[in-house]
Every structure is written in C-alpha cells, then in structure tokens.
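Heads up: the structure comes next, in structure tokens.
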Amino acid sequence: MSVELGHFALILAFALSLVQASVPLVGARLGDRRLMQISEPAAMTGFALISFAFAALMLAYVQSDFSVLNVWENSHSAKPLLFKLTGTWGNHEGSMLLWVLILALFGAMVAFFGSNLPPSLRANVLAVQGMIASAFLLFILATSNPFARLQPAPIEGRDLNPILQDVGLAVHPPLLYLGYVGFSISFSFAVAALLDGRIDAAWARWVRPWTLAAWAFLTGGIAMGSYWAYYELGWGGFWFWDPVENASFLPWLSGTALLHSALVMEKRGALKIWTVLLAILTFSLSLLGTFLVRSGVLTSVHTFASDPARGVFILAILMLFIGGALALFAWRASALAPGGLFHPISREGALVLNNLLLTTAAATVLVGTLYPLLVEAVTGDKISVGAPFFNLTFVPLFLPLLLAMPFGPVLAWKRGDLVAATQRLHLAFAVAAIAGFMVYFLVDRATAFAAIGVGIGLWLVCGAIADLAVKAGAGKVGLGVGLRRLWGLPRAMKGTALAHAGMGLTVLGIVCVTTLEAERIVTMQPGDRVEISDFSLRFEGMRPFTGPNYSEEQAFFTLFSSGGREIGEIVSSKRFYTARGMPTTEAGIETLLLSQLYVSIGDATSAGGLVVRVWWKPMVTLIWLGALVMMIGGTVSLLDRRLRIGAPKASPKRLATAGEGR
C-alpha cells in the first residue's frame, strides 16, 4: 500500500509543481502579492510529497518487496541493510527520484529562508524551480516510474550491481546531486533577474551562499567518487578522464568561476552580465552531465541507463531549459546596467583572469568529452580522447591559474600594487622554491615536473597562510594580538584561505603520486616476497571467506620495512556475487602517514601462483585530504555572518513606494 501512496504522492507533487511554475510567475507580472505568495507553500508542500515518495521507495527496499520492479532488479534479501538503503539510489529510477528530492529541498529552503528577498524575485525564483521540478517529475512518471509493480511477485531479487555495494556509494551520489542540483538555485536566480530586467550587488549576495553550498557539495562528491573508484575498481588510479567523470568536473570548473565572478559583482558591481551567463551555463553543464549519464550515449561504470527513449526525453528537457535560458539572456542582457570599471592590476583583475582560465579549461574538457560522440554520430567511426589530450590542453591552462591564485586575496580592490603583493608573498615563494629544488636534487632528477608541481602545491598552501598572516598583522604586532586579529577575521576570508590551501594539498598529492609512484607486477607463491620502494611484501597464502551475499578468496600479505620490521597485514581479495554472477576485486590498502601501499590480486596461474600488482603511492591521500579542506573552507565561508544575513530587507515604506512606482 505504501508503494501506491508513494506513486500517488509523486503525481500530486507533479500537479503542485505546475501550480508553482505558473501562478507565482503570473503574480509577479501583475504585481499581485497574493498570487506570488503561493510559491512558498507550494515549494514546501512539494518537498514534503517527494520526501514521502522517496521514503516509500526506501521502505520497499528495506522490506525486500520484490513485487516492485525496481526493488527486484536492484536488491536481494541477503544484502546487508546499509546496501538495501543505498540501493534506493543505486539505479536509474531511484537516483532520479533522489535528484528531484534534492531539487525540491533547495526550493523549500529558498521559500523558508528567503523572507528578505523582494517578493517578485522570490516568486520568479521559485517559479523557475517549479518548472524544472515539473519537467523531471514528468520524466520520472512517464519513463522511469520507480513504483512499477510485478505480477506475480518474484520470490527473490536480482541483487544490486556488486561494484555499487560499497560504503562510498552511500555518500558519493547524494553529495554529487547536492552539488549538481544546488546550482539550479543560481540558474533560477539568473533567469529571475532576466525576467525582472534588473540585477545589482544585492542579487549577487543572495546568489553566493547557494552557489557556495553547491560548490562545496560537488567538491565532496567528486572527491568521494574518485576515492571510491580508486579502492573499489582495483585499478590503482584516482582519475581517468572518463566522460562521466568529466561530466561532474565541468560544472565544478564553471561553478568555481561563478563563485569568484559573483564576488566581484557583489563588491564592485562589475561583471554583471557575465555572472548571469555563468549561472546559466553552470547548471546547463549539470543538466548535460545528467543527460550523458542517463541517455545511453556513453558506456561507463558510472552510467545508470541505456534507454534511448529516456535519452530523448532528457535531451528535450536540456534543450528547453538551456535553449530557453540562453534565448532569454540574448533578449534581456542588453537591458542590464553595465558594471563598474577597474584597473587590470587589482583584485577584480585577478578574479577576471581566474574566470578566463577556468572557463577556457572547462571548454577544453567539454570539447574532449563531446568530440568522440559527435564524430560517431556524424561518421559512425568510434574514436577515444584520453589522458594525453587532456594533459596537453587542460594542464597548461590550469598552471597559470595556480600560479596567480595567491595574488588575488592580497591585491586591493579597484587598483592594486603588484610589487607590494609580491613582497607579502616573498616567504611563501621562498619556501616553494626551496622545496622544489630539494625535490629535484634529492628525490627525482629524472623529471622536472615533480619539482615544479611540489613547488606550486606549496606555493598555494604557503600563499594562503601568508595572506592570513599579513591580514592578522604578523611582524607588526605581538603574537597574542596577532592571534586575536586572526580569530576576528571574517569567516569568508578564512574560508577562502582554506579552499586555496586545500587546492594546494590536492596538487601536491597529484604531483607526487603521478611522478614518484612505483609499481610491481609479479607472480607469487606462498612465502614469496616482493620489494617495492623501502618495503617488502610477503605472500602468506589464500583463505576462503563467505559474506552475506557473496563468497571470496582472500590473499594475505605481511608488510615489512626495509629494516625487516613487521608493519602490518594487508588483505586483498576476489569476490563473487552469486545472485548477479559477477566477480569484483577488493584491493588491500595500507596507509602509512600520507602515503599508501596498494595491493590488487589477479588470476591464479596454471602453476599455482597468483598474479599480484603492488603500487607504492607517495602522498596520495593528500588528493582527498585537500578536497576535504576545500569543503571545510566552503563551509566556513558559508557561515560568514554577512552571507547568513544576506541583503537587507526592504522597509514596508520602500515597498509601498515601489508599488506606487509600478
């Protein structure tokens, strides 16, 4: 019965989203406050209905209700409870329902926290959110109903895809969707501003918190997905330039540009038209990612659907919202007042350079991702664009961005002093240069890339520290006063420094693991040893193990230091999931400070040996630690009092005067 109620709740939510998409919009055009106020209860009630539908589907998974087609295809009675819960979104239908749930959540949050927004802007924003929700609810009801029944009900389910039965999948999709869908608020604000024909610094202040939250969630989602693929797929890599990986990276790049552009607009009233366009493009790239994952045009471990009918439906949604928003932009952009002027050597100039490099880098990733699809559609030939292309195009664009990043926060607004900014960063540069020379002469003289990369990573970290130190008065005041000043700095300032330092840590991790890692592929018998870096790994033998819905063969290894001291035990295994009839490889990983020893086993040989791949990955954990620091930086900035207060609420007298002016 709960399944039918969940389906009915989705239908009601669709009907309500149509009301939310139309009535407030008419009210904003007519200046009727009563019609505009319908948007708030409609958004909150829609969120409640979709939440009920999602809870009904999750209950069906927990109860192993195999009369529901979606549960039968993606669950099993022997599956652990955690993976029954995560199986709710480990498939196309359930993940789309989660997508719409998060969309409704953001709309409800705007309705609840947006009391200081002008009534017409709030009504337009929620109306656009209603349009997006109605399109995707129609998609779910028409092509991807998660509540479809099976008659008669099977006794047992087919189980979830084994590689999705992992704790990482409890975190990765929700975080990714909170980022993807969170940018819909920026999109809705942009379209609302175009409908009203006005945009100002207050608009940028309203947009920034939503963009910042989406960016932080998307950062975490991408990092979690990277780490999941790293340890679950047994391939030892953290990034493959897979088209679906790129689909999540593209809105991150444009969203980062949007964050900085909105800051310029808020502080100096500049880049207005560009900021609106970026808000549209960022969510458009999120929609493009949704299309690539669910249309069947890509074959990837990340993709959920391969039904062309669904792809056509999502493509129609894509064309409607992206095409409609860009057409509205072309029509109304000229009506927006131009922004203020500033000197090229200024904080605004640094942020413009940031936007130029980020958007150009995003364009290269977009071309590399879509070009093979276009070639196949036009000629029928299948080609692949892999890491060499992206490394040759993306890296040269990103390096200048990393080099310029520490200068932005230390430059003054409107007109800056490059010499003074350089003097503030001289210690950071010295530390980075010394570290680079040490890596080149003492660690790896075979490649200059390691030295340059380590230098750039430390340049970012030390530059962020130097920025905070200078603003706290280091060298001019005593330690106690400096610490009090540091504590009193705005949270947005400290959050920016954390985000930049986090990027530096990630760069350090990427450079160290790509240039200094070691790999051995050997065939081992029990008792055999393999030497790698400063460690020795001894193969102890194989043991069987039976899990709740799988069986596996575990390989046990003992890890020794170069001096012969036993460090610990590493277990790597091959699992076989009976219901699905699929094998998986479970890597054994030993973390040693910031580095890891990674062991993956292959097939047994005819002579009774075991193929073993061993990697030594120096500083690899910095990749994900840096992403975590970036998330923390975004959260700290989000807690800044100025962002929580937002723009001041207009007085009743001003609203009355504005109403007479209409």
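Chain labels run A, B, ... following the order of the structure tokens; each chain numbers its residues from 1, and ligands are numbered from 1 in the order shown.
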Give me the residues within 7 Å of range 625-641 of chain A as a list of chain:residue names, counting only C-alpha atoms and dropping any in the same chain fewer than 5 places off.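 Listed by chain and then number, they are A:Pro209, A:Leu212, A:Ala216, A:Thr219, A:Gly220, A:Ala223, A:Pro490, A:Arg491, A:Ala492, A:Gly495, A:Thr496, A:Leu498, A:Ala499, A:Gly502, A:Met503, A:Leu505, A:Thr506.
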Preceding selection exported with N, CA and C atoms as a tab-separated table (two decimals), in the first residue's frame:
```
chain	number	residue	atom	x	y	z
A	209	PRO	N	25.59	32.44	-1.40
A	209	PRO	CA	25.50	31.31	-0.46
A	209	PRO	C	25.05	30.01	-1.11
A	212	LEU	N	27.89	28.71	-3.24
A	212	LEU	CA	28.95	28.21	-2.37
A	212	LEU	C	28.59	26.84	-1.79
A	216	ALA	N	30.65	23.37	-2.60
A	216	ALA	CA	31.24	22.55	-1.54
A	216	ALA	C	30.75	21.10	-1.64
A	219	THR	N	32.34	19.45	-4.72
A	219	THR	CA	33.73	19.12	-4.43
A	219	THR	C	33.83	17.81	-3.67
A	220	GLY	N	32.99	17.67	-2.63
A	220	GLY	CA	32.99	16.42	-1.87
A	220	GLY	C	32.52	15.24	-2.69
A	223	ALA	N	35.33	14.17	-5.09
A	223	ALA	CA	36.42	13.53	-4.34
A	223	ALA	C	36.02	12.14	-3.87
A	490	PRO	N	37.04	37.97	9.12
A	490	PRO	CA	35.78	37.43	8.60
A	490	PRO	C	35.92	35.96	8.20
A	491	ARG	N	34.88	35.20	8.45
A	491	ARG	CA	34.94	33.78	8.13
A	491	ARG	C	35.11	33.54	6.64
A	492	ALA	N	34.54	34.40	5.83
A	492	ALA	CA	34.71	34.25	4.38
A	492	ALA	C	36.17	34.34	3.99
A	495	GLY	N	37.76	31.13	5.11
A	495	GLY	CA	37.30	30.06	4.24
A	495	GLY	C	38.00	30.07	2.89
A	496	THR	N	38.23	31.27	2.35
A	496	THR	CA	38.96	31.39	1.08
A	496	THR	C	40.37	30.84	1.21
A	498	LEU	N	41.43	28.61	3.35
A	498	LEU	CA	41.36	27.16	3.48
A	498	LEU	C	41.14	26.50	2.11
A	499	ALA	N	40.25	27.07	1.31
A	499	ALA	CA	39.97	26.49	-0.01
A	499	ALA	C	41.21	26.52	-0.88
A	502	GLY	N	43.61	23.97	0.43
A	502	GLY	CA	43.14	22.64	0.04
A	502	GLY	C	43.49	22.31	-1.39
A	503	MET	N	43.37	23.29	-2.28
A	503	MET	CA	43.77	23.07	-3.67
A	503	MET	C	45.27	22.77	-3.74
A	505	LEU	N	47.09	21.30	-1.42
A	505	LEU	CA	47.31	19.93	-0.94
A	505	LEU	C	46.94	18.91	-2.01
A	506	THR	N	45.84	19.16	-2.72
A	506	THR	CA	45.44	18.24	-3.79
A	506	THR	C	46.48	18.21	-4.90
```
Would you mind listing what lies within 10 Å of Phe54 in chain A as a PyMOL selection string, with only C-alpha atoms counted and same-chain residues fewer than 3 positions away left out? chain A and resi 3+6-7+9-10+48-51+57-60+88-89+94+97-98+100-101+146
Prev. selection, C-alpha atoms, output as a PDB file, in the first residue's frame:
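The resulting again-v3.pdb:
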```
ATOM      1  CA  VAL A   3       4.143   1.911  -2.748  1.00  0.00           C
ATOM      2  CA  GLY A   6       4.336   6.946  -2.859  1.00  0.00           C
ATOM      3  CA  HIS A   7       3.332   6.862  -6.521  1.00  0.00           C
ATOM      4  CA  ALA A   9       2.454  11.461  -3.850  1.00  0.00           C
ATOM      5  CA  LEU A  10       4.635  11.856  -6.946  1.00  0.00           C
ATOM      6  CA  ALA A  48       7.049  17.028   1.636  1.00  0.00           C
ATOM      7  CA  LEU A  49       5.290  14.978  -1.045  1.00  0.00           C
ATOM      8  CA  ILE A  50       8.501  13.968  -2.812  1.00  0.00           C
ATOM      9  CA  SER A  51      10.076  13.111   0.556  1.00  0.00           C
ATOM     10  CA  LEU A  57      10.596   3.515  -2.079  1.00  0.00           C
ATOM     11  CA  MET A  58      13.252   3.170   0.613  1.00  0.00           C
ATOM     12  CA  LEU A  59      10.790   1.208   2.786  1.00  0.00           C
ATOM     13  CA  ALA A  60      10.165  -1.164  -0.129  1.00  0.00           C
ATOM     14  CA  THR A  88      17.421   3.041  -3.346  1.00  0.00           C
ATOM     15  CA  TRP A  89      19.549   5.416  -5.421  1.00  0.00           C
ATOM     16  CA  GLY A  94      15.789   5.713  -7.679  1.00  0.00           C
ATOM     17  CA  LEU A  97      13.891  10.377  -7.570  1.00  0.00           C
ATOM     18  CA  LEU A  98      16.791  11.432  -5.322  1.00  0.00           C
ATOM     19  CA  VAL A 100      14.184  15.565  -7.778  1.00  0.00           C
ATOM     20  CA  LEU A 101      14.073  15.261  -3.978  1.00  0.00           C
ATOM     21  CA  PRO A 146      10.236   3.612  -9.530  1.00  0.00           C
TER      22      PRO A 146
END
```
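Proximity ranking of A:Leu281, A:Leu25, A:Val395, A:Met1 relative to Ile322 in chain A places A:Leu281 first, based on only C-alpha atoms.
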Go through range 221-260 of chain A residue by residue and, counting only C-alpha atoms, keep those with an atom at most 12 Å from range 514-523 of chain A; for each kept residue give the shortest atom pair and its distance in Å to one decimal, ordered by chain and increasing number, as JSON lines.
```
{"residue": "A:Trp235", "atom": "CA", "partner": "A:Glu519", "partner_atom": "CA", "distance": 11.7}
{"residue": "A:Gly236", "atom": "CA", "partner": "A:Glu519", "partner_atom": "CA", "distance": 9.9}
{"residue": "A:Gly237", "atom": "CA", "partner": "A:Thr514", "partner_atom": "CA", "distance": 9.5}
{"residue": "A:Phe238", "atom": "CA", "partner": "A:Thr514", "partner_atom": "CA", "distance": 10.0}
{"residue": "A:Trp239", "atom": "CA", "partner": "A:Thr514", "partner_atom": "CA", "distance": 10.8}
```
Near Leu175 in chain A, within 6 Å and counting only C-alpha atoms, which residues show up once chain neighbours fewer than 2 positions away are dropped, as a list in words? His172, Pro173, Tyr177, Leu178, Phe217 and Gly221 of chain A
Atom pair CA of Asn391 in chain A / CA of Ser286 in chain A: separation (Å):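 Taking CA of Asn391 in chain A and CA of Ser286 in chain A, their separation equals 23.0 Å.
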Filtered DSSP result for range 452-533 of chain A, state helix (DSSP H, G or I), as an MDAnalysis selection string: chainID A and resid 452:471 479:488 491:516
Could you write out the selected residues, including C-alpha atoms, as a PDB file, in the first residue's frame?
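Result file is part.pdb:
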```pdb
ATOM      1  CA  ILE A 452      57.680  22.191 -10.317  1.00  0.00           C
ATOM      2  CA  GLY A 453      54.485  20.522  -9.113  1.00  0.00           C
ATOM      3  CA  VAL A 454      55.641  20.280  -5.494  1.00  0.00           C
ATOM      4  CA  GLY A 455      56.729  23.915  -5.655  1.00  0.00           C
ATOM      5  CA  ILE A 456      53.328  25.016  -6.982  1.00  0.00           C
ATOM      6  CA  GLY A 457      51.455  22.982  -4.372  1.00  0.00           C
ATOM      7  CA  LEU A 458      53.463  24.523  -1.524  1.00  0.00           C
ATOM      8  CA  TRP A 459      53.138  27.950  -3.166  1.00  0.00           C
ATOM      9  CA  LEU A 460      49.366  27.659  -2.822  1.00  0.00           C
ATOM     10  CA  VAL A 461      49.473  26.394   0.771  1.00  0.00           C
ATOM     11  CA  CYS A 462      52.050  28.920   1.947  1.00  0.00           C
ATOM     12  CA  GLY A 463      50.397  31.709  -0.015  1.00  0.00           C
ATOM     13  CA  ALA A 464      47.119  31.082   1.821  1.00  0.00           C
ATOM     14  CA  ILE A 465      48.951  31.113   5.163  1.00  0.00           C
ATOM     15  CA  ALA A 466      50.814  34.292   4.223  1.00  0.00           C
ATOM     16  CA  ASP A 467      47.565  36.040   3.285  1.00  0.00           C
ATOM     17  CA  LEU A 468      46.039  35.346   6.706  1.00  0.00           C
ATOM     18  CA  ALA A 469      49.293  36.230   8.483  1.00  0.00           C
ATOM     19  CA  VAL A 470      49.553  39.612   6.768  1.00  0.00           C
ATOM     20  CA  LYS A 471      45.926  40.457   7.475  1.00  0.00           C
ATOM     21  CA  LEU A 479      51.788  37.155  18.981  1.00  0.00           C
ATOM     22  CA  GLY A 480      48.771  37.477  21.272  1.00  0.00           C
ATOM     23  CA  VAL A 481      47.348  40.445  19.390  1.00  0.00           C
ATOM     24  CA  GLY A 482      48.031  38.713  16.070  1.00  0.00           C
ATOM     25  CA  LEU A 483      46.172  35.584  17.129  1.00  0.00           C
ATOM     26  CA  ARG A 484      43.203  37.678  18.298  1.00  0.00           C
ATOM     27  CA  ARG A 485      43.189  39.506  14.978  1.00  0.00           C
ATOM     28  CA  LEU A 486      43.378  36.202  13.139  1.00  0.00           C
ATOM     29  CA  TRP A 487      40.414  34.875  15.103  1.00  0.00           C
ATOM     30  CA  GLY A 488      38.477  38.068  14.366  1.00  0.00           C
ATOM     31  CA  ARG A 491      34.940  33.779   8.126  1.00  0.00           C
ATOM     32  CA  ALA A 492      34.705  34.248   4.381  1.00  0.00           C
ATOM     33  CA  MET A 493      38.337  35.383   4.383  1.00  0.00           C
ATOM     34  CA  LYS A 494      39.446  32.336   6.383  1.00  0.00           C
ATOM     35  CA  GLY A 495      37.296  30.057   4.237  1.00  0.00           C
ATOM     36  CA  THR A 496      38.956  31.394   1.079  1.00  0.00           C
ATOM     37  CA  ALA A 497      42.397  30.693   2.519  1.00  0.00           C
ATOM     38  CA  LEU A 498      41.361  27.155   3.475  1.00  0.00           C
ATOM     39  CA  ALA A 499      39.969  26.494  -0.008  1.00  0.00           C
ATOM     40  CA  HIS A 500      43.165  27.733  -1.664  1.00  0.00           C
ATOM     41  CA  ALA A 501      45.316  25.694   0.744  1.00  0.00           C
ATOM     42  CA  GLY A 502      43.141  22.644   0.038  1.00  0.00           C
ATOM     43  CA  MET A 503      43.772  23.068  -3.670  1.00  0.00           C
ATOM     44  CA  GLY A 504      47.499  23.185  -2.904  1.00  0.00           C
ATOM     45  CA  LEU A 505      47.307  19.934  -0.937  1.00  0.00           C
ATOM     46  CA  THR A 506      45.443  18.240  -3.791  1.00  0.00           C
ATOM     47  CA  VAL A 507      48.054  19.448  -6.282  1.00  0.00           C
ATOM     48  CA  LEU A 508      50.814  18.069  -4.030  1.00  0.00           C
ATOM     49  CA  GLY A 509      49.084  14.695  -3.873  1.00  0.00           C
ATOM     50  CA  ILE A 510      48.504  14.512  -7.641  1.00  0.00           C
ATOM     51  CA  VAL A 511      52.073  15.501  -8.498  1.00  0.00           C
ATOM     52  CA  CYS A 512      53.719  13.136  -6.002  1.00  0.00           C
ATOM     53  CA  VAL A 513      51.655  10.089  -6.942  1.00  0.00           C
ATOM     54  CA  THR A 514      51.913  10.614 -10.716  1.00  0.00           C
ATOM     55  CA  THR A 515      55.657  11.255 -10.773  1.00  0.00           C
ATOM     56  CA  LEU A 516      57.061   9.267  -7.852  1.00  0.00           C
TER      57      LEU A 516
END
```
Just how far from CA of Arg538 in chain A is CA of Gly564 in chain A, in Å to one decimal? 11.2 Å
Which residues are near Phe283 in chain A? Cut-off 9 Å, only C-alpha atoms, ignore same chain within fewer than 4 positions. Put them as a PyMOL selection string. chain A and resi 180-187+251+255+278-279+287-288+322
Can you write just those residues out, C-alpha atoms, as a PDB file, in the first residue's frame?
```pdb
ATOM      1  CA  TYR A 180      24.617  19.255  -9.371  1.00  0.00           C
ATOM      2  CA  VAL A 181      21.129  20.251  -8.317  1.00  0.00           C
ATOM      3  CA  GLY A 182      22.257  23.005  -5.963  1.00  0.00           C
ATOM      4  CA  PHE A 183      23.359  25.030  -8.970  1.00  0.00           C
ATOM      5  CA  SER A 184      19.715  25.084 -10.058  1.00  0.00           C
ATOM      6  CA  ILE A 185      19.191  27.867  -7.497  1.00  0.00           C
ATOM      7  CA  SER A 186      21.858  30.010  -9.176  1.00  0.00           C
ATOM      8  CA  PHE A 187      20.190  29.248 -12.508  1.00  0.00           C
ATOM      9  CA  PRO A 251      30.070  22.259 -13.559  1.00  0.00           C
ATOM     10  CA  GLY A 255      30.827  26.892 -10.613  1.00  0.00           C
ATOM     11  CA  LEU A 278      27.900  31.837 -15.825  1.00  0.00           C
ATOM     12  CA  ALA A 279      24.968  30.967 -13.555  1.00  0.00           C
ATOM     13  CA  LEU A 287      21.958  19.078 -16.945  1.00  0.00           C
ATOM     14  CA  LEU A 288      24.398  17.958 -19.635  1.00  0.00           C
ATOM     15  CA  ILE A 322      19.312  25.649 -21.739  1.00  0.00           C
TER      16      ILE A 322
END
```
Residue among A:Tyr440, A:Trp72, A:Trp616, A:Tyr231 lying closest to Ile532 in chain A, counting only C-alpha atoms: A:Trp616
